[in-house]
Every structure is written in C-alpha cells, then in structure tokens.
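What follows is a short report on a single structure.
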Amino acid sequence: MCKRVPFAALACAIGLCSSVASADVQHTIAKGHTIQAIANRYHVSPKAIIEANHLKDVKHLKVGDVLTIPKVDSPKKADDKGKDGKGKDKDGKAKAGKDPKDGKPATYAAKPKTPGVIHIKRIASSEELDLRISDKSGKVSSATLKSMERIMRFPSGASHPIEARLISLLGIVSNHFGSRKIEIVSGFRPYTPTQYTQHSNHNHGKAIDFRVVGVPNEAVRDFCRTLRNVGCGYYPNSTFVHMDVRESSAFWIDYAKPGEPPRYNAPNVEADEGTSDVHPAANPAPPPPPAQEPAPESTANESTGAADKESEPATKPDGE
C-alpha cells in the first residue's frame with residue numbers, strides 16, 4: 001500500500017536538496033577588489049552579485065563592506081576533479097577544498113586580528129618584524145619602508161628601496177587571511193646575466209616571493225589574482241607565490257623544478273621570473289677543472305710564467 005507524503009514534508013525535502021546543491025557565501029571587500037574579479041573568484045556572474053546585493057554603483061566598492069555571493073557551487077562539485085584529472089582547471093587553478101566543520105568551500109579568509117599590521121618573517125635569516133603599514137596620513141611610513149628594505153635584502157646584503165604599493169598589497173593580503181604571518185622567500189635580487197627574465201621586478205624592489213603560514217599557496221594565488229595591476233606567478237613545484245606591481249595584471253604558471261629552465265603554462269606570458277631564479281642554489285656551479293700533474297723539474301722553470309697565470313683565479317672574490 002502506498003503511503004501519502006504530506007506536501008509540507010515534500011516541500012521541505014526539496015528545499016533541503018536545493019540548499020545542498022548551492023549556498024550563499026559572504027565576501028568582505030578589500031582594497032583593489034572589483035565586481036568582475038570577485039565574480040571570477042566564485043565562478044558566478046557579476047550580474048548575479050549586483051542583483052543579490054542591490055548595488056547601484058559597482059565602480060566604487062567600499063572597503064570592509066560584505067557582499068552576498070549567491071549560489072556558490074556545493075563542496076561536492078568543488079571537490080570534483082578537473083578536466084586534467086588532477087583537480088585543476090586548464091590554467092592550473094586548483095579546485096576549492098572544503099571546511100571539515102561545515103562542509104563549505106574553504107577560502108581561508110578571516111577577520112584580521114591586527115588590521116593594518118603585517119607580521120613578516122625572513123626565511124633566510126629567521127628575522128621577524130611586526131610592521132604597521134600606514135601612518136596617520138594613510139601613506140606607507142618611512143620607518144616601514146626602511147624596515148622592509150632591510151628584511152627583503154639579498155643574501156649578500158645588497159638592498160634596494162621597496163615599492164610602497166607592494167608593501168600596501170602585502171597589508172591587503174595579511175588582512176584578508178586574518179593577519180597570518182607572511183614568510184618572505186625572496187625579495188630584492190640584483191640583476192645577473194643568468195636570470196631567465198632580463199627585466200625582473202625583483203631587480204627594482206617591486207616584487208616578492210612569499211607564502212602565508214597555514215594557507216595553501218593555491219588560496220594565496222587565487223586571492224592575489226583578484227588584486228588590480230598585479231603580476232601573480234604560481235609555482236606548483238616550489239614553495240611560494242610571486243606578486244609584483246605593474247601597470248596591468250598578468251598571471252603565469254611555471255611547472256619547472258628548481259634547477260630547471262622555465263616551463264610556462266603558455267607561450268609569451270608576462271612572467272617576471274623562473275623557478276630557478278628564486279633558487280639559485282639548485283643550480284650547482286660547474287666543477288673546477290681537474291688538477292694538472294706537476295711538471296718535471298727540468299721544465300718547471302721554463303714554464304713559470306704560464307703556471308703563474310693558470311694559478312690566478314678566473315674571477316676576483318666578492319668584495320675585492
């Protein structure tokens with residue numbers, strides 16, 4: 001005998017299934033965010049965001065306001081593997097994970113514990129700093145500029161003034177991820193003829209390779225791509241995300257491992273560096289030539305001049 005299901009229960013079940021299939025999420029607007037960038041991040045249309053929030057002026061979003069992002073895909077769909085079978089899109093963008101507490105997609109975004117203050121660690125020397133980004137006038141303070149120049153110095157001690165906008169962007173990243181510590185992998189690097197990108201922003205204090213403690217590089221990469229006029233590089237076989245300031249945004253992936261030439265995701269990308277530019281130690285110096293057998297005593301005096309020339313170092317040590 002077939003039992004009748006009450007209409008209210010059936011409607012409830014349908015509503016429950018609908019909520020599982022998609023759910024609204026909240027997004028806090030940060031400096032540099034645009035409707036298009038936010039829509040791209042959550043894979044929804046700009047029109048859907050505008051209508052859900054009754055926005056009238058989308059060109060002037062207010063920092064700190066919270067937007068409702070309608071009908072974001074469920075965790076099950078987000079966890080599905082991409083077309084390449086590795087959980088990534090064609091451009092290498094990893095699918096969102098899920099929060100084990102509530103099953104929603106994990107964004108790692110959090111309310112900043114120390115708004116406007118970045119907690120920096122230099123991996124090469126384990127130095128740590130807590131820096132307030134802006135002074136009372138809203139500009140990056142001279143003290144912060146000097147501190148960042150020092151902590152982003154090259155291992156040899158060489159340094160260069162750091163672009164103020166780059167420091168401001170780090171503050172935005174810090175605020176977005178709840179004031180988590182930012183670890184500097186590479187900052188200023190003086191130009192060398194062997195670098196893969198001849199005009200790197202690292203040579204001018206306009207780029208940083210970094211990671212955020214407790215946040216996957218994929219999440220850091222995805223957020224950096226929402227910022228305006230930023231170069232973002234993703235290195236899946238290394239340990240950092242690249243960010244630089246430039247006149248128009250760019251994104252690239254380098255699949256190379258340290259010690260290998262770049263293997264970019266597409267030809268003619270506006271990449272700022274290759275993986276091996278960041279890890280020069282992975283490129284071992286060529287071994288020295290084998291020592292020559294000492295010349296017989298009868299000919300040693302005759303070849304003294306040549307021997308003296310051969311024994312001179314090919315290049316002078318650093319500092320001379």
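Ordering of the structure tokens sets the chain letters (A, B, ...); residue numbers start at 1 within each chain; ligands are numbered from 1 in the order shown.
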Would you list the contacts of segment 202-212 of chain A as an MDAnalysis selection string, taking every protein, DNA or RNA residue within 8 Å and counting only C-alpha atoms, but skipping same-chain residues closer than 2 positions in sequence? chainID A and resid 160:163 166 180:191 199:200 214:217 220 239:245
Give me the residues near Tyr196 of chain A as a PyMOL selection string, where near means some atom within 9 Å (using only C-alpha atoms) and where sequence neighbours in that chain fewer than 6 positions away do not count. chain A and resi 261-262+272-274+276-277
